[in-house]
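The file input.txt comes next; it holds compact mmCIF, C-alpha atoms.
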# COMPACT_ATOMS: atom_id res chain seq x y z
CA MET A 1 0.94 75.27 205.32
CA ARG A 2 4.02 75.79 207.41
CA SER A 3 5.91 73.18 209.38
CA THR A 4 6.85 75.06 212.53
CA PHE A 5 8.06 73.72 215.83
CA SER A 6 10.41 74.50 218.66
CA LEU A 7 12.82 72.19 220.38
CA ALA A 8 13.36 72.38 224.11
CA ALA A 9 13.50 76.05 225.02
CA LYS A 10 16.94 77.09 226.22
CA THR A 11 18.94 80.30 226.42
CA TYR A 12 22.45 80.60 224.98
CA ILE A 13 25.03 82.22 227.21
CA GLY A 14 28.17 81.38 225.24
CA GLU A 15 30.59 83.77 223.60
CA SER A 16 30.47 84.10 219.83
CA ASN A 17 33.83 82.33 219.57
CA GLY A 18 32.40 79.17 221.11
CA ASN A 19 33.89 79.66 224.60
CA PHE A 20 31.57 79.82 227.55
CA ARG A 21 31.62 82.40 230.29
CA HIS A 22 32.26 81.10 233.79
CA ARG A 23 31.38 82.94 236.93
CA LYS A 24 34.48 84.29 238.60
CA SER A 25 35.32 82.86 242.01
CA MET A 26 34.06 85.02 244.83
CA VAL A 27 36.53 85.85 247.60
CA THR A 28 35.36 86.88 251.08
CA ALA A 29 37.84 88.14 253.72
CA THR A 30 37.11 87.68 257.41
CA ARG A 31 39.87 88.84 259.81
CA ALA A 32 43.06 87.02 258.91
CA GLU A 33 41.26 84.16 257.28
CA VAL A 34 40.48 84.17 253.60
CA ILE A 35 37.60 81.98 252.58
CA THR A 36 37.34 81.26 248.89
CA VAL A 37 33.98 80.19 247.63
CA PRO A 38 34.60 77.22 245.33
CA LYS A 39 34.15 77.82 241.65
CA GLN A 40 30.84 76.59 240.40
CA ARG A 41 31.21 74.91 237.06
CA SER A 42 28.69 76.59 234.84
CA ARG A 43 26.83 74.19 232.63
CA PRO A 44 26.46 75.58 229.12
CA VAL A 45 22.87 76.38 228.28
CA PHE A 46 22.13 75.97 224.61
CA PRO A 47 19.78 77.83 222.31
CA GLU A 48 16.22 77.17 221.37
CA LEU A 49 15.96 76.06 217.77
CA SER A 50 12.71 77.49 216.54
CA ILE A 51 12.54 75.95 213.10
CA GLN A 52 10.31 76.86 210.20
CA GLY A 53 10.38 74.59 207.19
CA ILE A 54 9.53 75.50 203.61
CA PRO A 55 5.78 76.15 203.19
CA ILE A 56 4.03 73.37 201.30
CA ALA A 57 2.60 76.01 198.98
CA ASP A 58 6.10 77.15 197.97
CA LEU A 59 6.94 73.59 196.92
CA HIS A 60 3.77 73.46 194.79
CA VAL A 61 2.76 70.18 196.41
CA GLN A 62 -0.95 71.05 196.14
CA GLU A 63 -0.66 71.13 192.35
CA ILE A 64 1.05 67.73 192.36
CA VAL A 65 -1.71 66.30 194.56
CA GLN A 66 -4.41 67.67 192.28
CA ARG A 67 -2.84 66.22 189.16
CA GLN A 68 -2.13 62.85 190.76
CA SER A 69 -5.64 62.62 192.23
CA GLN A 70 -7.35 62.88 188.84
CA THR A 71 -9.07 59.79 187.48
CA TYR A 72 -8.66 60.45 183.78
CA SER A 73 -7.90 57.97 181.04
CA MET A 74 -4.12 57.77 181.01
CA ASP A 75 -3.80 56.92 177.31
CA LYS A 76 -5.93 59.87 176.19
CA GLU A 77 -4.68 62.59 178.54
CA GLY A 78 -2.68 65.20 176.68
CA GLY A 79 -2.96 63.21 173.44
CA ARG A 80 -0.61 60.52 174.75
CA ARG A 81 -0.96 56.98 173.54
CA LYS A 82 -0.03 54.19 175.91
CA PRO A 83 3.08 52.45 174.54
CA GLN A 84 2.74 48.79 173.74
CA PHE A 85 5.46 46.48 175.03
CA CYS A 86 5.99 42.81 174.35
CA PRO A 87 4.67 41.05 177.50
CA SER A 88 7.86 39.00 177.94
CA PHE A 89 10.02 42.14 177.57
CA LEU A 90 7.93 44.00 180.16
CA GLU A 91 8.01 41.04 182.52
CA GLU A 92 11.81 40.92 182.33
CA ALA A 93 12.02 44.69 182.89
CA TYR A 94 10.03 44.47 186.09
CA GLU A 95 11.95 41.38 187.18
CA ARG A 96 15.21 43.33 186.91
CA CYS A 97 13.68 46.10 189.01
CA ARG A 98 12.58 43.54 191.57
CA ASN A 99 16.09 42.08 191.80
CA ILE A 100 17.68 45.50 192.31
CA CYS A 101 15.18 46.41 195.02
CA ALA A 102 15.64 43.05 196.74
CA GLU A 103 19.42 43.45 196.73
CA TYR A 104 19.76 47.06 197.86
CA ALA A 105 16.61 47.62 199.95
CA LYS A 106 16.00 44.22 201.45
CA THR A 107 13.69 45.17 204.30
CA PHE A 108 11.64 47.57 202.20
CA TYR A 109 11.41 44.90 199.49
CA LEU A 110 9.99 42.37 201.95
CA GLY A 111 7.40 44.93 202.95
CA THR A 112 6.25 45.32 199.34
CA LEU A 113 5.35 41.65 199.06
CA LEU A 114 1.94 42.23 200.65
CA MET A 115 1.02 44.74 197.95
CA THR A 116 -0.90 43.80 194.84
CA GLU A 117 1.28 42.61 191.97
CA GLU A 118 0.64 45.75 189.92
CA ARG A 119 1.62 48.02 192.83
CA GLN A 120 4.67 45.92 193.65
CA LYS A 121 6.05 46.30 190.16
CA ALA A 122 5.36 50.02 190.05
CA ILE A 123 7.11 50.66 193.39
CA TRP A 124 10.11 48.61 192.27
CA ALA A 125 10.32 50.64 189.04
CA ILE A 126 10.17 53.94 190.96
CA TYR A 127 12.80 52.71 193.43
CA VAL A 128 15.17 51.76 190.61
CA TRP A 129 14.82 55.13 188.87
CA CYS A 130 15.49 56.96 192.15
CA ARG A 131 18.52 54.79 192.83
CA ARG A 132 19.94 55.35 189.36
CA THR A 133 19.39 59.09 189.77
CA ASP A 134 21.19 59.11 193.12
CA GLU A 135 24.10 57.11 191.73
CA LEU A 136 24.74 59.79 189.12
CA VAL A 137 26.12 61.87 192.01
CA ASP A 138 27.17 59.25 194.58
CA GLY A 139 27.80 56.15 192.47
CA PRO A 140 31.02 54.70 191.05
CA ASN A 141 30.82 56.92 187.95
CA SER A 142 30.18 60.12 189.88
CA VAL A 143 33.62 61.43 188.87
CA TYR A 144 32.13 62.03 185.44
CA MET A 145 29.23 64.02 186.83
CA SER A 146 28.44 67.39 185.26
CA SER A 147 25.46 69.64 184.76
CA GLU A 148 25.25 68.33 181.20
CA VAL A 149 24.83 64.76 182.49
CA LEU A 150 21.90 65.82 184.66
CA ASP A 151 20.39 67.80 181.79
CA ARG A 152 20.49 64.70 179.61
CA TRP A 153 19.03 62.62 182.43
CA GLU A 154 16.12 65.06 182.72
CA GLU A 155 15.54 64.89 178.95
CA ARG A 156 15.52 61.13 179.28
CA LEU A 157 12.93 61.43 182.07
CA GLN A 158 10.72 63.47 179.73
CA ASP A 159 11.04 60.70 177.15
CA ILE A 160 9.99 58.13 179.75
CA PHE A 161 6.82 60.10 180.48
CA GLU A 162 6.12 60.46 176.75
CA GLY A 163 6.41 56.73 176.12
CA ARG A 164 9.94 56.64 174.68
CA PRO A 165 12.08 54.65 177.15
CA TYR A 166 15.83 54.41 176.55
CA ASP A 167 16.44 50.99 178.07
CA MET A 168 14.68 48.12 179.78
CA LEU A 169 14.66 49.71 183.26
CA ASP A 170 13.26 52.91 181.78
CA ALA A 171 10.56 50.83 180.09
CA ALA A 172 9.35 49.57 183.47
CA LEU A 173 8.90 53.17 184.65
CA THR A 174 7.23 54.16 181.38
CA HIS A 175 4.69 51.38 181.86
CA THR A 176 4.20 52.53 185.45
CA VAL A 177 3.55 56.20 184.62
CA PHE A 178 0.95 55.13 182.07
CA SER A 179 -0.68 52.81 184.61
CA PHE A 180 -0.86 55.23 187.56
CA PRO A 181 -1.56 59.00 187.71
CA LEU A 182 2.06 59.99 188.31
CA ASP A 183 3.09 63.61 187.81
CA ILE A 184 6.54 64.37 186.43
CA LYS A 185 7.31 67.23 188.83
CA PRO A 186 8.52 65.11 191.82
CA PHE A 187 10.89 63.28 189.46
CA ARG A 188 12.23 66.56 188.09
CA ASP A 189 12.58 67.92 191.61
CA MET A 190 14.72 64.93 192.58
CA ILE A 191 17.05 65.70 189.68
CA GLU A 192 17.21 69.28 190.97
CA GLY A 193 18.36 67.83 194.30
CA MET A 194 21.22 66.12 192.49
CA ARG A 195 22.14 69.48 190.95
CA MET A 196 22.28 70.96 194.43
CA ASP A 197 24.71 68.22 195.44
CA THR A 198 27.05 69.14 192.59
CA ARG A 199 27.26 72.83 193.44
CA LYS A 200 26.56 73.07 197.17
CA CYS A 201 28.30 71.42 200.12
CA ARG A 202 27.18 73.79 202.89
CA TYR A 203 23.72 74.81 204.09
CA GLN A 204 23.42 78.11 205.89
CA ASN A 205 20.20 77.34 207.76
CA PHE A 206 17.51 74.74 208.17
CA GLN A 207 15.34 76.25 205.45
CA GLU A 208 18.08 75.55 202.90
CA LEU A 209 18.59 72.05 204.26
CA TYR A 210 14.84 71.38 204.30
CA LEU A 211 14.62 72.28 200.60
CA TYR A 212 17.46 69.87 199.84
CA CYS A 213 15.74 67.12 201.86
CA TYR A 214 12.53 67.74 199.94
CA TYR A 215 14.28 67.45 196.60
CA VAL A 216 16.19 64.24 197.30
CA ALA A 217 13.77 62.40 199.62
CA GLY A 218 10.44 64.15 200.16
CA THR A 219 9.79 63.69 196.45
CA VAL A 220 9.90 59.91 196.86
CA GLY A 221 6.83 60.08 199.09
CA LEU A 222 4.98 62.16 196.51
CA MET A 223 5.86 59.63 193.79
CA SER A 224 4.73 56.69 195.91
CA VAL A 225 1.28 57.74 197.13
CA PRO A 226 -0.55 57.29 193.78
CA VAL A 227 0.87 53.77 193.52
CA MET A 228 0.31 52.74 197.12
CA GLY A 229 -3.17 54.22 197.14
CA ILE A 230 -5.18 55.94 199.85
CA ALA A 231 -7.63 53.84 201.87
CA PRO A 232 -11.27 54.36 200.77
CA ASP A 233 -12.24 54.95 204.41
CA SER A 234 -9.34 57.36 205.10
CA LEU A 235 -10.11 59.79 207.90
CA ILE A 236 -7.92 62.58 206.53
CA SER A 237 -7.75 64.48 203.25
CA ALA A 238 -5.63 63.39 200.32
CA GLN A 239 -3.52 66.53 200.84
CA SER A 240 -2.78 65.51 204.44
CA THR A 241 -1.74 62.03 203.30
CA TYR A 242 0.65 63.52 200.73
CA ASP A 243 2.02 65.93 203.32
CA ALA A 244 2.71 63.00 205.66
CA ALA A 245 4.49 61.12 202.86
CA LEU A 246 6.64 64.18 202.25
CA TYR A 247 7.43 64.45 205.97
CA LEU A 248 8.51 60.81 206.07
CA GLY A 249 11.00 61.59 203.31
CA ILE A 250 12.24 64.63 205.24
CA GLY A 251 12.67 62.54 208.40
CA ASN A 252 14.50 59.81 206.49
CA GLN A 253 16.91 62.25 204.87
CA LEU A 254 17.60 64.11 208.11
CA THR A 255 18.41 60.71 209.63
CA ASN A 256 20.70 59.85 206.72
CA ILE A 257 22.51 63.14 207.26
CA LEU A 258 22.99 62.51 210.99
CA ARG A 259 24.12 58.93 210.37
CA ASP A 260 26.68 59.96 207.72
CA VAL A 261 28.23 63.09 209.29
CA GLY A 262 31.66 61.49 209.58
CA GLU A 263 31.65 60.01 206.07
CA ASP A 264 30.45 63.25 204.51
CA ALA A 265 33.14 65.21 206.39
CA MET A 266 35.80 63.03 204.77
CA ARG A 267 34.45 64.24 201.42
CA GLY A 268 34.54 67.86 202.57
CA ARG A 269 30.77 68.05 202.95
CA VAL A 270 28.77 69.31 205.93
CA TYR A 271 25.01 68.84 205.65
CA LEU A 272 24.31 70.55 208.97
CA PRO A 273 22.84 74.07 209.30
CA GLN A 274 25.79 76.43 209.67
CA ASP A 275 23.89 78.93 211.79
CA GLU A 276 22.83 76.23 214.25
CA LEU A 277 26.37 74.88 214.55
CA ALA A 278 27.48 78.42 215.43
CA GLN A 279 24.73 78.76 218.02
CA PHE A 280 26.19 75.76 219.81
CA GLY A 281 29.73 77.13 219.61
CA LEU A 282 30.62 74.73 216.80
CA GLY A 283 31.85 75.05 213.24
CA ASP A 284 33.23 73.06 210.33
CA ASN A 285 36.56 72.55 212.10
CA ASP A 286 34.76 70.74 214.93
CA VAL A 287 33.19 68.40 212.38
CA PHE A 288 36.48 67.78 210.58
CA SER A 289 38.38 67.22 213.85
CA ARG A 290 35.98 64.31 214.56
CA LYS A 291 36.06 64.94 218.31
CA VAL A 292 32.86 64.36 220.23
CA THR A 293 32.45 67.09 222.85
CA ASP A 294 29.63 67.99 225.22
CA GLN A 295 28.67 70.78 222.83
CA TRP A 296 28.45 68.28 219.99
CA ARG A 297 26.29 65.94 222.06
CA GLU A 298 23.86 68.74 222.90
CA PHE A 299 23.74 69.78 219.26
CA MET A 300 23.03 66.21 218.17
CA LYS A 301 20.25 65.81 220.73
CA GLU A 302 18.40 68.71 219.16
CA GLN A 303 18.97 67.47 215.61
CA ILE A 304 17.64 64.02 216.56
CA THR A 305 14.60 65.60 218.17
CA ARG A 306 13.87 67.39 214.92
CA ALA A 307 14.09 64.21 212.85
CA ARG A 308 11.75 62.43 215.25
CA PHE A 309 9.32 65.33 214.92
CA TYR A 310 8.99 64.64 211.21
CA PHE A 311 8.52 60.92 211.78
CA ASN A 312 5.69 61.75 214.17
CA LEU A 313 4.09 63.90 211.46
CA ALA A 314 4.39 60.99 209.02
CA GLU A 315 2.56 58.47 211.19
CA GLU A 316 -0.94 59.71 210.48
CA GLY A 317 -0.52 59.45 206.74
CA ALA A 318 1.13 56.02 206.91
CA SER A 319 -2.01 54.74 208.62
CA GLN A 320 -4.30 56.10 205.90
CA LEU A 321 -2.70 54.41 202.91
CA ASP A 322 -4.34 51.42 201.30
CA LYS A 323 -4.17 48.59 203.81
CA ALA A 324 -1.94 46.37 201.64
CA SER A 325 0.57 49.20 201.16
CA ARG A 326 1.18 50.25 204.75
CA TRP A 327 3.67 47.56 205.76
CA PRO A 328 6.71 48.80 203.77
CA VAL A 329 6.04 52.37 204.89
CA TRP A 330 5.82 51.42 208.56
CA SER A 331 8.95 49.26 208.17
CA SER A 332 10.89 52.23 206.83
CA LEU A 333 9.57 54.52 209.53
CA LEU A 334 10.47 52.20 212.41
CA ILE A 335 13.90 51.26 211.05
CA TYR A 336 14.93 54.86 210.49
CA ARG A 337 13.78 55.76 213.98
CA ASN A 338 16.06 53.02 215.26
CA ILE A 339 19.01 54.58 213.45
CA LEU A 340 18.45 57.65 215.62
CA ASP A 341 18.39 55.37 218.67
CA ALA A 342 21.69 53.87 217.51
CA ILE A 343 23.30 57.31 217.32
CA GLU A 344 22.25 57.88 220.93
CA ASP A 345 23.59 54.45 221.90
CA ASN A 346 26.93 55.48 220.39
CA ASP A 347 26.97 58.47 222.76
CA TYR A 348 26.26 60.78 219.81
CA ASP A 349 29.50 59.80 218.10
CA ASN A 350 28.51 60.00 214.46
CA LEU A 351 31.88 61.52 213.61
CA THR A 352 33.91 58.31 213.90
CA LYS A 353 31.10 55.72 214.02
CA ARG A 354 28.29 54.93 211.58
CA ALA A 355 25.04 54.09 213.34
CA TYR A 356 23.12 51.22 211.82
CA VAL A 357 20.42 48.70 212.65
CA ARG A 358 21.55 45.09 212.54
CA ARG A 359 19.85 42.85 210.01
CA ALA A 360 18.45 40.58 212.73
CA LYS A 361 16.84 43.57 214.42
CA LYS A 362 15.41 44.76 211.12
CA LEU A 363 13.78 41.41 210.58
CA LEU A 364 12.38 41.48 214.10
CA MET A 365 10.82 44.87 213.31
CA LEU A 366 8.81 43.51 210.40
CA PRO A 367 6.13 41.88 212.59
CA LEU A 368 5.90 45.09 214.65
CA ALA A 369 5.57 47.17 211.49
CA TYR A 370 2.89 44.80 210.22
CA SER A 371 1.03 45.07 213.50
CA ARG A 372 1.19 48.87 213.41
CA SER A 373 -0.07 48.87 209.83
CA LEU A 374 -3.16 46.96 210.95
CA SER A 375 -3.90 48.53 214.31
CA THR A 376 -3.35 52.25 213.86
CA SER A 377 -6.18 52.66 211.39
CA SER A 378 -8.71 51.23 213.83
CA LEU A 379 -7.25 53.41 216.60
CA LEU A 380 -7.64 56.51 214.48
CA SER A 381 -11.16 55.40 213.61
CA GLN A 382 -12.03 55.16 217.29
CA GLN A 383 -10.53 58.59 217.92
CA HIS A 384 -12.52 59.99 215.02
CA LYS A 385 -15.76 58.50 216.37
CA ILE A 386 -15.08 59.95 219.82
CA PHE A 387 -14.42 63.35 218.24
CA MET A 388 -17.68 63.21 216.26
CA ILE A 389 -19.68 62.19 219.36
CA LYS A 390 -18.20 65.07 221.37
CA LYS A 391 -18.91 67.40 218.48
CA GLU A 392 -22.56 66.34 218.38
CA GLU A 393 -22.87 66.64 222.15
CA GLY A 394 -21.30 70.09 222.05
Entire entry expressed as structure tokens:
Amino acid sequence: MRSTFSLAAKTYIGESNGNFRHRKSMVTATRAEVITVPKQRSRPVFPELSIQGIPIADLHVQEIVQRQSQTYSMDKEGGRRKPQFCPSFLEEAYERCRNICAEYAKTFYLGTLLMTEERQKAIWAIYVWCRRTDELVDGPNSVYMSSEVLDRWEERLQDIFEGRPYDMLDAALTHTVFSFPLDIKPFRDMIEGMRMDTRKCRYQNFQELYLYCYYVAGTVGLMSVPVMGIAPDSLISAQSTYDAALYLGIGNQLTNILRDVGEDAMRGRVYLPQDELAQFGLGDNDVFSRKVTDQWREFMKEQITRARFYFNLAEEGASQLDKASRWPVWSSLLIYRNILDAIEDNDYDNLTKRAYVRRAKKLLMLPLAYSRSLSTSSLLSQQHKIFMIKKEEG
């Protein structure tokens, strides 16, 4: 399955050096009078970005879905025995995960409170592992980062899945992976995304950037679906629900990248497709100069359109999750969409300004997200019924 789409079709007329050709003034002589036709300011016309993401098959998502959709006995699969933890120890482990999630992902945390207790704890444990993984590269101790550190972290992940946690937070994830049909591949892929961050600070095209977004964010969706559950009356296949979860991660990461362009530039990093920058007459120097030009605004408009495209793809799957699990997903989707709105409100200045959604506005979005989580399923059901009636009539 390929994710292919085109942004607004346009034709590029600029020079390769980023300057744009202007029509020369036309001079007409009549007798002794010279009439000069005023110069017409040519408006730059920018290129069509026909974008093709990484095929789902190349990411081996189907295999992940198959393994995570199995209903086998978790303590017998592969000869594994479910580790036994002291109840008070396990309770404290999950409580620590809850506190971390509540502190660093407040709105998402509030959304998890409608989930069953078992699912709440599992999502908190997954969130904490993802956060700890990300902090290896971006956290306060990132100066000590090396490939050896990530190798040891991956070995530690294997131990978690084999029932040998290293610390209390690991124990919460160990209990989770023995309670839900979680596959290790998305977790390993996220670590691979961290490796990319240590050796790569430029992305030549969108395909390279898409792969990075999958590793560091799309994987979170794949980890979460088995815990959140798919509604028994879902109108789409399990594969489509997983694809939508992956697309939500892609949209979120693309939004993070657009929000943090200025901050990343200060670290010498540019997470924008190099070939697309060039198509708009831009380059790294334009990013580092932190000057917002008309070319930059046009470039940002197209990048924002792309991110919204992936959020639109994610909507269908968000509506097919278990009813109690939809609220945090819809909260995330709506809030990240509003970050894109904030970039537009800042006149596309993400070079010197960081777009964000105020806490009060986030809280106001929670009722809307809750409403969407309840209503969209019935709307899709009505659409499905209409489709089936037309099919029978045809």
- Task: Name the residues, using the chain letters and numbers of the file, that sit within 12 Å of (-6.8, 65.4, 202.0) when counting only C-alpha atoms, and give them as a ChimeraX atom specification.
- Result: /A:62,65-66,69,230-232,234-244,316-317,320-321
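When all atoms listed in the file are used to compute distances to Arg297 in chain A, the closest of the residues A:Ile257, A:Leu351, A:Ala324, A:Ala102 turns out to be A:Leu351.
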- Message: Could you tell me how far CA of Ala245 in chain A sits from CA of Gly221 in chain A, in Å to one decimal place?
- Response: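 Taking CA of Gly221 in chain A and CA of Ala245 in chain A, their separation equals 4.6 Å.
Here CA of Arg195 in chain A is placed at a distance of 14.0 Å from CA of Ala217 in chain A.
Going from CA of Tyr271 in chain A to CA of Leu209 in chain A covers 7.3 Å.
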Quick one: residues within 12 Å of Glu103 in chain A, all atoms listed in the file, excluding same-chain residues fewer than 5 positions away - as a PDB file with C-alpha atoms, in the coordinates of the input?
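Dumped everything to selection22.pdb:
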ATOM      1  CA  ARG A  96      15.210  43.330 186.910  1.00  0.00           C
ATOM      2  CA  CYS A  97      13.680  46.100 189.010  1.00  0.00           C
ATOM      3  CA  ARG A  98      12.580  43.540 191.570  1.00  0.00           C
ATOM      4  CA  PHE A 108      11.640  47.570 202.200  1.00  0.00           C
ATOM      5  CA  TYR A 109      11.410  44.900 199.490  1.00  0.00           C
ATOM      6  CA  LEU A 110       9.990  42.370 201.950  1.00  0.00           C
ATOM      7  CA  TRP A 124      10.110  48.610 192.270  1.00  0.00           C
ATOM      8  CA  TYR A 127      12.800  52.710 193.430  1.00  0.00           C
ATOM      9  CA  VAL A 128      15.170  51.760 190.610  1.00  0.00           C
TER      10      VAL A 128
END
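If you count only C-alpha atoms and ignore residues fewer than 6 places along the chain from Thr198 in chain A, what sits within 12 Å of it is Asp134, Leu136, Val137, Asp138, Ser142, Val143, Tyr144, Met145, Ser146, Ser147, Glu148, Val149, Leu150, Ile191, Glu192 and Arg269 of chain A.
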- Using only C-alpha atoms, which residues sit within 8 Å of Arg308 in chain A once same-chain residues fewer than 3 positions away are excluded, as an MDAnalysis selection string? chainID A and resid 251 304:305 311:312 337
Write out as an mmCIF file with C-alpha atoms, in the coordinates of the input the residues lying within 9 Å of Tyr336 in chain A, counting only C-alpha atoms and excluding same-chain residues fewer than 2 positions away.
data_model
loop_
_atom_site.group_PDB
_atom_site.id
_atom_site.type_symbol
_atom_site.label_atom_id
_atom_site.label_comp_id
_atom_site.auth_asym_id
_atom_site.auth_seq_id
_atom_site.Cartn_x
_atom_site.Cartn_y
_atom_site.Cartn_z
ATOM 1 C CA GLY A 251 12.670 62.540 208.400
ATOM 2 C CA ASN A 252 14.500 59.810 206.490
ATOM 3 C CA THR A 255 18.410 60.710 209.630
ATOM 4 C CA ASN A 256 20.700 59.850 206.720
ATOM 5 C CA PHE A 311 8.520 60.920 211.780
ATOM 6 C CA SER A 331 8.950 49.260 208.170
ATOM 7 C CA SER A 332 10.890 52.230 206.830
ATOM 8 C CA LEU A 333 9.570 54.520 209.530
ATOM 9 C CA LEU A 334 10.470 52.200 212.410
ATOM 10 C CA ASN A 338 16.060 53.020 215.260
ATOM 11 C CA ILE A 339 19.010 54.580 213.450
ATOM 12 C CA LEU A 340 18.450 57.650 215.620
ATOM 13 C CA ASP A 341 18.390 55.370 218.670
ATOM 14 C CA VAL A 357 20.420 48.700 212.650
#
- Item | Who sits within 9 Å of Arg188 in chain A, only C-alpha atoms, same chain under 6 positions skipped, as a list in words |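 The neighbour list is Glu154, Leu157 and Tyr215 of chain A.
Among A:Tyr310, A:Gly193, A:Trp327, A:Ala355, the residue with the shortest atom-to-atom distance to Ser371 in chain A, counting only C-alpha atoms, is A:Trp327.
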- Query: For Asp159 in chain A, which of A:Ile184, A:Leu211, A:Ala278, A:Ser179 is the closest residue, counting only C-alpha atoms?
  - Reply: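 Checking each of A:Ile184, A:Leu211, A:Ala278, A:Ser179 against Asp159 in chain A, counting only C-alpha atoms, the winner is A:Ile184.
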- Query: Of the candidates A:Lys323, A:Arg372, A:Arg306, A:Arg164, which shows the shortest atom-to-atom distance to Asp233 in chain A, using all atoms listed in the file?
  - Reply: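 Comparing A:Lys323, A:Arg372, A:Arg306, A:Arg164 against Asp233 in chain A, the winner is A:Lys323.
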Exercise on range 92-108 of chain A, axis-aligned box with 5 Å per side, report centre and edge lengths in Å to one decimal, as JSON:
{"center_x": 14.9, "center_y": 44.3, "center_z": 193.3, "size_x": 19.7, "size_y": 16.7, "size_z": 32.0}
